[in-house]
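Structure record follows, encoded as structure tokens.
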Amino acid sequence: MALLEIRDLHAEVDGKPILKGINLTVEAGEVHAIMGPNGSGKSTLSYVLAGRDGYEVTGGEVIYDGKNLLELAPEERACEGVFLAFQYPVEIPGVAGTTFLRHAVNAKRKYQGVPEYDAMEFVKFVRGKAKDLNMPDDMLKRAVNVGFSGGEKKRNETLQMAVLEPKLAILDETDSGLDIDALKVVADGVNALRGPERAMLVITHYQRLLDYVVPDKVHVLANGRIIKSGDKSLALELEERGYAHILEAAA
Amino acid sequence: MVATKETAQKVRDLGTEKYKYGFSTDIEMDIAPKGVNEDIVRMISAKKGEPAWLLEWRLKAFKVWQEMPEPKWQKVAFPEIDYQEAYYYAAPKSSDKPKSLDEVDPKLLEMYEKLGIPLREQEVLAGVEGAPRVAVDAVFDSVSVATTFRKELEKSGVIFCSISEAVKTHPDLVRKYLGSVVPYSDNKHACLNSAVFTDGSFVYIPKGVRCPMELSTYFRINAENTGQFERTLIIADDNSYVSYLEGCTAPQRDENQLHAAVVELIALDNAEIKYSTVQNWYPGDENGKGGIYNFVTKRGACRGHSSKISWTQVETGSAVTWKYPSCILQGDNSVGEFYSVAITNNAQQADTGTKMIHIGKNTTSKIISKGISAGKADQTYRGLVRIMPKAEGARNFTQCDSLLIGDSCGAHTVPYIESRNPSAKVEHEATTSKISDDQLFYCLSRGMSAEDAVGLIVNGFCKEVMQTLPMEFAVEAQKLIGISLEGSVG
């Protein structure tokens with residue numbers, strides 16, 4: 001059974017159809033890249049999977065880990081192991097990174113019936129993770145994303161992912177706004193999380209990230225549908241020739 | 001209500017009703033006839049065995065009160081109070097102040113245990129490493145029931161007892177300072193309080209003493225239809241320090257109850273008083289029925305040079321909150337601070353803020369006000385910064401932030417700045433915000449429930465104020481914030 005199975009998914013935003021029949025199967029252990037021109041529905045797909053308000057599913061289904069994902073509330077999806085690394089992570093003033101993560105991790109533990117961490121144990125745990133990822137401790141002490149540069153925000157998303165250990169990680173344009181060094185740090189973090197029980201959907205515009213996070217499959221999303229799939233060479237092809245020729249071919 | 005970690009456990013154990021302290025206790029009570037008049041004032045004074053000068057003072061206040069008009073400028077609305085429809089004295093029947101805890105009505109003690117107040121010194125002492133050492137004066141309705149840690153405090157010369165007792169054991173101190181910061185003619189409710197106050201706490205810290213532990217008073221209104229008029233007087237002599245915490249609850253009732261307390265603080269040369277309040281009076285039901293009217297007058301006089309008074313309040317309860325803890329900065333180099341978190345949910349209303357009066361030279365004041373409004377509640381920050389002509393080098397910094405949850409609540413800011421000295425620097429910043437959907441979704445996407453998310457975001461919003469609470473109480477206050485906002489999202 002695949003970890004994620006999306007069948008004929010249709011979704012609207014403000015009454016406007018964006019996803020017009022997505023079909024996608026992702027097995028555990030795989031990394032799929034989703035590329036496509038602006039406005040194709042990439043972010044919409046990630047929000048629909050995460051369960052954001054305002055994104056209305058008008059048809060199709062999503063089976064995640066054998067469960068009907070669309071029936072679960074967003075926090076339930078998170079506790080079941082779905083993680084979305086946001087393209088534009090929001091600021092939460094006054095809430096330290098560690099506090100935020102502790103609430104998140106404990107919410108998941110409570111859901112699973114596992115004892116929760118107390119503040120001291122948690123700090124140890126999370127510092128360990130930050131160290132593994134080569135990330136500075138101070139990111140945890142500062143308020144979540146407040147005053148963070150674009151790169152710091154993306155690293156913070158990666159750290160959260162490492163701490164929450166999701167089964168399905170959806171990375172929404174994680175590489176946008178990153179310089180080469182930040183890109184490497186994030187890519188290393190993502191790669192460190194690859195594993196046989198885990199699947200990833202890497203949404204990106206550019207080939208660049210995929211040099212470091214090598215995908216098993218690449219899909220092109222345009223106009224609300226996946227119009228072409230292939231292996232990593234498809235990404236290279238897009239890089240050379242752009243989307244136009246693929247869009248023409250699909251029309 | 002805030003006391004110890006045990007409290008939070010007891011809160012959980014007490015059941016799932018929103019307002020956890022809504023129970024009442026069946027205890028034999030000594031209750032005065034209804035209404036307020038000169039006879040009642042005399043009766044109260046007689047019951048307390050007060051000296052003539054104090055009875056005189058009460059009677060003068062009562063006379064003035066009768067002539068005083070009700071204030072009309074506030075932005076909170078409530079039906080006209082019928083002062084004759086309440087009882088002004090209610091005391092648990094053991095008439096003499098108990099000499100030891102063994103003499104106190106066991107039902108009373110049971111109630112305090114239920115509320116988690118560490119009345120038994122052993123319990124608190126034995127209470128595990130790290131259990132807070134807090135001296136507690138427990139006031140049930142109008143009467144102080146017991147005060148803990150007295151022996152230890154006596155060793156340092158600290159006087160901490162009920163004001164009724166202080167009138168008898170330290171009359172000079174009381175006479176010197178009572179009414180010196182809040183004269184009875186100050187406002188209608190302080191005036192009534194001066195006439196009919198029944199108890200409260202008295203604290204005196206001698207010169208050079210740093211009070212060895214937190215002092216705390218816990219107020220509980222139990223009897224139906226009684227007003228609670230406590231009077232607190234705290235004096236910190238030269239070079240002394242005290243941190244004082246006030247906590248409050250009241251049972252759920254259909255009728256509103258009036259709480260018109262007066263708190264006077266006096267800090268002499270180089271002295272510091274830190275006064276923290278975590279107020280969780282019954283807020284009324286979702287439609288605003290019942291609930292406490294919390295109309296209190298709190299004022300601190302920084303009389304000495306380099307003296308400091310700081311107020312921290314976390315106001316989450318009451319149907320109507322109407323109070324302006326203030327500082328009069330008389331001494332040169334004196335400092336006044338006001339930190340506030342006010343939460344109004346459902347149909348609660350609040351008109352609260354502070355007054356900082358700069359009189360001496362080089363005085364400083366700091367105001368940080370965080371208002372959170374949810375449901376159909378309405379809240380106003382009203383602040384006054386007044387710089388008198390001789391207040392050379394005065395500095396003020398004010399920051400008032402409002403957070404709105406949902407689309408039916410309101411938040412207003414009414415800042416008054418009066419500066420009559422050109423060397424003064426006054427800064428004012430204000431923000432109004434909502435909990436954004438993005439922030440909420442961010443938390444949900446990490447597995448938190450909507451309530452958990454709101455609690456987290458609001459605590460982050462209030463962090464600067466929460467940090468000023470004594471550590472033992474900060475954790476409890478954070479939990480209380482979460483509880484007060486239940487039902488505000490979704």
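A note on labels: chains of the structure tokens are A, B, ... as shown, every chain counts residues from 1, and ligands are counted from 1 in their shown order.
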Which residues in stretch 9-130 of chain A does DSSP call helix (DSSP H, G or I)? List them as a JSON list (two decimals) with N, CA, C and O atoms, in the first residue's frame.
```json
[["chain", "number", "residue", "atom", "x", "y", "z"],
["A", 42, "LYS", "N", 0.69, 24.45, -7.30],
["A", 42, "LYS", "CA", 1.62, 23.72, -6.44],
["A", 42, "LYS", "C", 1.36, 23.99, -4.97],
["A", 42, "LYS", "O", 1.21, 23.06, -4.17],
["A", 43, "SER", "N", 1.30, 25.28, -4.63],
["A", 43, "SER", "CA", 1.05, 25.61, -3.22],
["A", 43, "SER", "C", -0.34, 25.16, -2.79],
["A", 43, "SER", "O", -0.55, 24.69, -1.68],
["A", 44, "THR", "N", -1.30, 25.29, -3.71],
["A", 44, "THR", "CA", -2.66, 24.85, -3.40],
["A", 44, "THR", "C", -2.66, 23.38, -3.02],
["A", 44, "THR", "O", -3.32, 22.97, -2.07],
["A", 45, "LEU", "N", -1.91, 22.59, -3.77],
["A", 45, "LEU", "CA", -1.84, 21.17, -3.46],
["A", 45, "LEU", "C", -1.31, 20.96, -2.05],
["A", 45, "LEU", "O", -1.86, 20.18, -1.26],
["A", 46, "SER", "N", -0.25, 21.71, -1.71],
["A", 46, "SER", "CA", 0.32, 21.51, -0.37],
["A", 46, "SER", "C", -0.66, 21.94, 0.72],
["A", 46, "SER", "O", -0.78, 21.28, 1.74],
["A", 47, "TYR", "N", -1.40, 23.04, 0.49],
["A", 47, "TYR", "CA", -2.37, 23.48, 1.51],
["A", 47, "TYR", "C", -3.54, 22.52, 1.64],
["A", 47, "TYR", "O", -4.07, 22.32, 2.73],
["A", 48, "VAL", "N", -3.96, 21.97, 0.50],
["A", 48, "VAL", "CA", -5.07, 21.02, 0.57],
["A", 48, "VAL", "C", -4.65, 19.79, 1.37],
["A", 48, "VAL", "O", -5.40, 19.27, 2.19],
["A", 49, "LEU", "N", -3.42, 19.33, 1.15],
["A", 49, "LEU", "CA", -2.94, 18.17, 1.89],
["A", 49, "LEU", "C", -2.81, 18.50, 3.38],
["A", 49, "LEU", "O", -3.08, 17.65, 4.24],
["A", 50, "ALA", "N", -2.43, 19.72, 3.69],
["A", 50, "ALA", "CA", -2.27, 20.10, 5.10],
["A", 50, "ALA", "C", -3.60, 20.45, 5.76],
["A", 50, "ALA", "O", -3.72, 20.48, 6.97],
["A", 69, "LEU", "N", -7.41, 11.08, 4.39],
["A", 69, "LEU", "CA", -6.76, 12.28, 4.92],
["A", 69, "LEU", "C", -7.70, 13.48, 4.99],
["A", 69, "LEU", "O", -7.66, 14.26, 5.93],
["A", 70, "LEU", "N", -8.57, 13.60, 3.98],
["A", 70, "LEU", "CA", -9.41, 14.79, 3.90],
["A", 70, "LEU", "C", -10.44, 14.88, 5.02],
["A", 70, "LEU", "O", -11.00, 15.94, 5.28],
["A", 71, "GLU", "N", -10.64, 13.75, 5.71],
["A", 71, "GLU", "CA", -11.60, 13.76, 6.82],
["A", 71, "GLU", "C", -10.98, 14.23, 8.12],
["A", 71, "GLU", "O", -11.67, 14.51, 9.09],
["A", 74, "PRO", "N", -6.68, 19.59, 10.48],
["A", 74, "PRO", "CA", -5.26, 19.83, 10.24],
["A", 74, "PRO", "C", -4.34, 19.35, 11.36],
["A", 74, "PRO", "O", -3.29, 18.78, 11.09],
["A", 75, "GLU", "N", -4.76, 19.55, 12.61],
["A", 75, "GLU", "CA", -3.87, 19.13, 13.70],
["A", 75, "GLU", "C", -3.80, 17.60, 13.79],
["A", 75, "GLU", "O", -2.77, 17.05, 14.20],
["A", 76, "GLU", "N", -4.88, 16.94, 13.38],
["A", 76, "GLU", "CA", -4.85, 15.47, 13.37],
["A", 76, "GLU", "C", -3.89, 14.98, 12.28],
["A", 76, "GLU", "O", -3.15, 14.03, 12.48],
["A", 77, "ARG", "N", -3.94, 15.64, 11.15],
["A", 77, "ARG", "CA", -3.03, 15.25, 10.07],
["A", 77, "ARG", "C", -1.59, 15.39, 10.52],
["A", 77, "ARG", "O", -0.75, 14.53, 10.25],
["A", 78, "ALA", "N", -1.34, 16.47, 11.24],
["A", 78, "ALA", "CA", 0.03, 16.70, 11.73],
["A", 78, "ALA", "C", 0.42, 15.60, 12.70],
["A", 78, "ALA", "O", 1.53, 15.07, 12.64],
["A", 79, "CYS", "N", -0.49, 15.25, 13.60],
["A", 79, "CYS", "CA", -0.18, 14.20, 14.57],
["A", 79, "CYS", "C", -0.05, 12.84, 13.91],
["A", 79, "CYS", "O", 0.61, 11.94, 14.44],
["A", 97, "GLY", "N", 11.22, 29.57, 20.12],
["A", 97, "GLY", "CA", 11.23, 28.39, 19.26],
["A", 97, "GLY", "C", 11.07, 27.10, 20.03],
["A", 97, "GLY", "O", 10.30, 26.21, 19.64],
["A", 98, "THR", "N", 11.80, 27.00, 21.14],
["A", 98, "THR", "CA", 11.74, 25.77, 21.93],
["A", 98, "THR", "C", 10.34, 25.54, 22.49],
["A", 98, "THR", "O", 9.83, 24.42, 22.48],
["A", 99, "THR", "N", 9.72, 26.61, 22.98],
["A", 99, "THR", "CA", 8.37, 26.49, 23.54],
["A", 99, "THR", "C", 7.40, 26.01, 22.47],
["A", 99, "THR", "O", 6.58, 25.11, 22.70],
["A", 100, "PHE", "N", 7.49, 26.63, 21.31],
["A", 100, "PHE", "CA", 6.62, 26.28, 20.20],
["A", 100, "PHE", "C", 6.76, 24.81, 19.86],
["A", 100, "PHE", "O", 5.78, 24.07, 19.76],
["A", 101, "LEU", "N", 8.00, 24.37, 19.71],
["A", 101, "LEU", "CA", 8.25, 22.98, 19.34],
["A", 101, "LEU", "C", 7.81, 22.01, 20.42],
["A", 101, "LEU", "O", 7.29, 20.93, 20.13],
["A", 102, "ARG", "N", 7.99, 22.43, 21.67],
["A", 102, "ARG", "CA", 7.60, 21.54, 22.76],
["A", 102, "ARG", "C", 6.08, 21.31, 22.72],
["A", 102, "ARG", "O", 5.61, 20.18, 22.88],
["A", 103, "HIS", "N", 5.32, 22.38, 22.48],
["A", 103, "HIS", "CA", 3.87, 22.23, 22.38],
["A", 103, "HIS", "C", 3.51, 21.30, 21.23],
["A", 103, "HIS", "O", 2.61, 20.46, 21.35],
["A", 104, "ALA", "N", 4.20, 21.47, 20.12],
["A", 104, "ALA", "CA", 3.91, 20.65, 18.94],
["A", 104, "ALA", "C", 4.24, 19.18, 19.20],
["A", 104, "ALA", "O", 3.41, 18.29, 18.96],
["A", 105, "VAL", "N", 5.43, 18.94, 19.72],
["A", 105, "VAL", "CA", 5.84, 17.56, 19.97],
["A", 105, "VAL", "C", 4.95, 16.90, 21.01],
["A", 105, "VAL", "O", 4.53, 15.75, 20.84],
["A", 106, "ASN", "N", 4.64, 17.63, 22.07],
["A", 106, "ASN", "CA", 3.78, 17.06, 23.11],
["A", 106, "ASN", "C", 2.36, 16.81, 22.62],
["A", 106, "ASN", "O", 1.71, 15.86, 23.03],
["A", 107, "ALA", "N", 1.89, 17.66, 21.69],
["A", 107, "ALA", "CA", 0.55, 17.44, 21.13],
["A", 107, "ALA", "C", 0.53, 16.11, 20.40],
["A", 107, "ALA", "O", -0.40, 15.31, 20.51],
["A", 108, "LYS", "N", 1.61, 15.86, 19.67],
["A", 108, "LYS", "CA", 1.71, 14.61, 18.91],
["A", 108, "LYS", "C", 1.81, 13.41, 19.86],
["A", 108, "LYS", "O", 1.16, 12.39, 19.68],
["A", 109, "ARG", "N", 2.61, 13.59, 20.90],
["A", 109, "ARG", "CA", 2.80, 12.49, 21.86],
["A", 109, "ARG", "C", 1.50, 12.16, 22.57],
["A", 109, "ARG", "O", 1.17, 11.01, 22.83],
["A", 110, "LYS", "N", 0.75, 13.21, 22.89],
["A", 110, "LYS", "CA", -0.53, 13.02, 23.58],
["A", 110, "LYS", "C", -1.46, 12.24, 22.67],
["A", 110, "LYS", "O", -2.14, 11.31, 23.10],
["A", 111, "TYR", "N", -1.46, 12.61, 21.41],
["A", 111, "TYR", "CA", -2.31, 11.96, 20.41],
["A", 111, "TYR", "C", -1.96, 10.48, 20.32],
["A", 111, "TYR", "O", -2.82, 9.62, 20.15],
["A", 112, "GLN", "N", -0.66, 10.19, 20.42],
["A", 112, "GLN", "CA", -0.21, 8.82, 20.30],
["A", 112, "GLN", "C", -0.27, 8.05, 21.61],
["A", 112, "GLN", "O", 0.03, 6.86, 21.66],
["A", 119, "ALA", "N", 9.77, 20.39, 30.27],
["A", 119, "ALA", "CA", 10.55, 21.45, 29.64],
["A", 119, "ALA", "C", 12.05, 21.13, 29.58],
["A", 119, "ALA", "O", 12.70, 21.34, 28.55],
["A", 120, "MET", "N", 12.60, 20.60, 30.68],
["A", 120, "MET", "CA", 14.05, 20.34, 30.71],
["A", 120, "MET", "C", 14.46, 19.26, 29.72],
["A", 120, "MET", "O", 15.41, 19.42, 28.95],
["A", 121, "GLU", "N", 13.71, 18.15, 29.74],
["A", 121, "GLU", "CA", 14.05, 17.04, 28.84],
["A", 121, "GLU", "C", 13.97, 17.51, 27.40],
["A", 121, "GLU", "O", 14.77, 17.13, 26.54],
["A", 122, "PHE", "N", 12.97, 18.33, 27.15],
["A", 122, "PHE", "CA", 12.75, 18.74, 25.78],
["A", 122, "PHE", "C", 13.89, 19.60, 25.26],
["A", 122, "PHE", "O", 14.30, 19.45, 24.11],
["A", 123, "VAL", "N", 14.36, 20.49, 26.10],
["A", 123, "VAL", "CA", 15.45, 21.36, 25.65],
["A", 123, "VAL", "C", 16.65, 20.52, 25.22],
["A", 123, "VAL", "O", 17.27, 20.77, 24.18],
["A", 124, "LYS", "N", 16.93, 19.51, 26.00],
["A", 124, "LYS", "CA", 18.06, 18.60, 25.66],
["A", 124, "LYS", "C", 17.82, 17.97, 24.30],
["A", 124, "LYS", "O", 18.69, 17.96, 23.42],
["A", 125, "PHE", "N", 16.63, 17.41, 24.15],
["A", 125, "PHE", "CA", 16.26, 16.72, 22.92],
["A", 125, "PHE", "C", 16.41, 17.62, 21.70],
["A", 125, "PHE", "O", 17.02, 17.26, 20.69],
["A", 126, "VAL", "N", 15.87, 18.82, 21.82],
["A", 126, "VAL", "CA", 15.83, 19.69, 20.66],
["A", 126, "VAL", "C", 17.23, 20.27, 20.33],
["A", 126, "VAL", "O", 17.58, 20.45, 19.17],
["A", 127, "ARG", "N", 18.02, 20.48, 21.38],
["A", 127, "ARG", "CA", 19.39, 20.97, 21.13],
["A", 127, "ARG", "C", 20.18, 19.93, 20.36],
["A", 127, "ARG", "O", 20.98, 20.25, 19.47],
["A", 128, "GLY", "N", 19.93, 18.67, 20.72],
["A", 128, "GLY", "CA", 20.61, 17.59, 20.02],
["A", 128, "GLY", "C", 20.30, 17.63, 18.54],
["A", 128, "GLY", "O", 21.19, 17.52, 17.68],
["A", 129, "LYS", "N", 19.03, 17.82, 18.23],
["A", 129, "LYS", "CA", 18.62, 17.86, 16.82],
["A", 129, "LYS", "C", 19.25, 19.03, 16.08],
["A", 129, "LYS", "O", 19.70, 18.91, 14.94],
["A", 130, "ALA", "N", 19.28, 20.17, 16.75],
["A", 130, "ALA", "CA", 19.85, 21.36, 16.12],
["A", 130, "ALA", "C", 21.32, 21.13, 15.82],
["A", 130, "ALA", "O", 21.85, 21.52, 14.78]]
```
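For chain B, the residues within 10 Å of chain A are B:Ile435, B:Ser436, B:Asp437, B:Asp438, B:Gln439, B:Leu440, B:Phe441, B:Tyr442, B:Cys443, B:Leu444, B:Ser445, B:Arg446, B:Gly447, B:Met448, B:Ser449, B:Ala450, B:Asp452, B:Ala453, B:Leu456, B:Ile457, B:Val458, B:Asn459, B:Gly460, B:Phe461, B:Cys462, B:Lys463, B:Glu464, with only C-alpha atoms used to measure distance.
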Same residues, N, CA and C atoms, output as a compact mmCIF listing (two decimals), in the first residue's frame:
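File produced: part-v3.txt:
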```txt
# COMPACT_ATOMS: atom_id res chain seq x y z
N ILE B 435 -5.33 37.75 16.07
CA ILE B 435 -4.57 36.52 15.88
C ILE B 435 -4.82 36.15 14.44
N SER B 436 -3.79 36.16 13.62
CA SER B 436 -4.03 35.94 12.20
C SER B 436 -4.33 34.47 11.94
N ASP B 437 -5.09 34.25 10.86
CA ASP B 437 -5.39 32.87 10.46
C ASP B 437 -4.09 32.14 10.15
N ASP B 438 -3.14 32.89 9.60
CA ASP B 438 -1.85 32.27 9.26
C ASP B 438 -1.17 31.72 10.50
N GLN B 439 -1.18 32.53 11.59
CA GLN B 439 -0.53 32.08 12.81
C GLN B 439 -1.24 30.85 13.37
N LEU B 440 -2.55 30.89 13.36
CA LEU B 440 -3.33 29.76 13.87
C LEU B 440 -3.04 28.51 13.06
N PHE B 441 -3.08 28.65 11.73
CA PHE B 441 -2.87 27.49 10.90
C PHE B 441 -1.46 26.94 11.07
N TYR B 442 -0.51 27.83 11.24
CA TYR B 442 0.87 27.40 11.45
C TYR B 442 0.95 26.47 12.66
N CYS B 443 0.27 26.86 13.73
CA CYS B 443 0.26 26.04 14.94
C CYS B 443 -0.51 24.73 14.72
N LEU B 444 -1.66 24.82 14.04
CA LEU B 444 -2.45 23.62 13.79
C LEU B 444 -1.64 22.64 12.95
N SER B 445 -0.92 23.18 11.97
CA SER B 445 -0.16 22.31 11.07
C SER B 445 0.99 21.64 11.81
N ARG B 446 1.25 22.08 13.03
CA ARG B 446 2.29 21.42 13.84
C ARG B 446 1.66 20.50 14.86
N GLY B 447 0.35 20.28 14.77
CA GLY B 447 -0.29 19.32 15.65
C GLY B 447 -1.03 19.91 16.84
N MET B 448 -0.95 21.21 17.05
CA MET B 448 -1.63 21.79 18.21
C MET B 448 -3.11 22.00 17.93
N SER B 449 -3.92 21.87 19.00
CA SER B 449 -5.34 22.14 18.85
C SER B 449 -5.52 23.66 18.77
N ALA B 450 -6.68 24.10 18.30
CA ALA B 450 -6.94 25.54 18.19
C ALA B 450 -6.80 26.22 19.55
N ASP B 452 -5.02 25.24 22.20
CA ASP B 452 -3.61 25.23 22.55
C ASP B 452 -2.90 26.36 21.80
N ALA B 453 -3.24 26.49 20.52
CA ALA B 453 -2.62 27.51 19.68
C ALA B 453 -2.93 28.91 20.20
N LEU B 456 -1.04 29.62 23.35
CA LEU B 456 0.38 29.83 23.08
C LEU B 456 0.62 31.23 22.51
N ILE B 457 -0.18 31.59 21.53
CA ILE B 457 0.00 32.89 20.88
C ILE B 457 -0.28 34.03 21.85
N VAL B 458 -1.33 33.87 22.67
CA VAL B 458 -1.66 34.92 23.63
C VAL B 458 -0.58 35.04 24.70
N ASN B 459 -0.07 33.92 25.17
CA ASN B 459 1.01 33.98 26.15
C ASN B 459 2.24 34.66 25.57
N GLY B 460 2.49 34.42 24.29
CA GLY B 460 3.59 35.10 23.62
C GLY B 460 3.34 36.60 23.58
N PHE B 461 2.12 36.95 23.31
CA PHE B 461 1.72 38.36 23.26
C PHE B 461 1.91 39.04 24.60
N CYS B 462 1.67 38.29 25.68
CA CYS B 462 1.72 38.85 27.03
C CYS B 462 3.06 38.66 27.71
N LYS B 463 4.00 38.07 27.00
CA LYS B 463 5.24 37.64 27.65
C LYS B 463 5.90 38.71 28.49
N GLU B 464 6.00 39.91 27.93
CA GLU B 464 6.70 40.97 28.65
C GLU B 464 6.09 41.24 30.02
```
- Message: Just want the 7 Å neighbourhood of stretch 72-83 of chain B, counted on only C-alpha atoms, with same-chain residues fewer than 5 positions away dropped. Output as an MDAnalysis selection string.
- Response: chainID B and resid 35:36 349:351
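Neighbouring residues of stretch 234-247 of chain A at 9 Å or closer, counting only C-alpha atoms and skipping chain neighbours under 6 positions away, are Ala33, Met35, Gly36, Pro37, Tyr206, Gln207, Leu210, Lys217, Val218, His219, Val220, Ala222, Ile227 and Lys228 of chain A.
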- Contacts of stretch 253-270 of chain B at 6 Å (only C-alpha atoms; same-chain gap of 2+ positions) as an NGL selection string: :B and (181 or 189 or 225 or 227-239 or 290-307)
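Using only C-alpha atoms, the shortest contact distance between A:Gly60 and any of A:Arg208, A:His10, A:Lys16, A:Lys141 is found at A:His10.
You can rank B:Pro71, B:Pro415, B:Pro389, B:Gly247 by their closest distance to B:His428 using only C-alpha atoms, and at the top of that list sits B:Pro415.
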- What's the 8 Å shell around B:Lys425, counting only C-alpha atoms, without same-chain residues fewer than 5 positions away, as JSON, numbers by chain? {"B": [393, 394, 395, 396]}
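Computed from the coordinates, the atom CA of B:Ser45 to atom CA of B:Ser326 distance equals 28.8 Å.
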- Query: Neighbours of A:Ile226 within 9 Å (only C-alpha atoms; same-chain residues fewer than 3 positions away dropped), as a ChimeraX atom specification?
  - Reply: /A:21-24,34,219-223,229
- Message: What parts of stretch 230-466 of chain B does DSSP call strand (DSSP E)? I'd like the answer as a PyMOL selection string.
- Response: chain B and resi 231-236+241-249+256-259+262-267+272-279+291-302+308-315+320-323+326-329+335-344+349-358+364-373+378-387+395-404+410-419+425-434
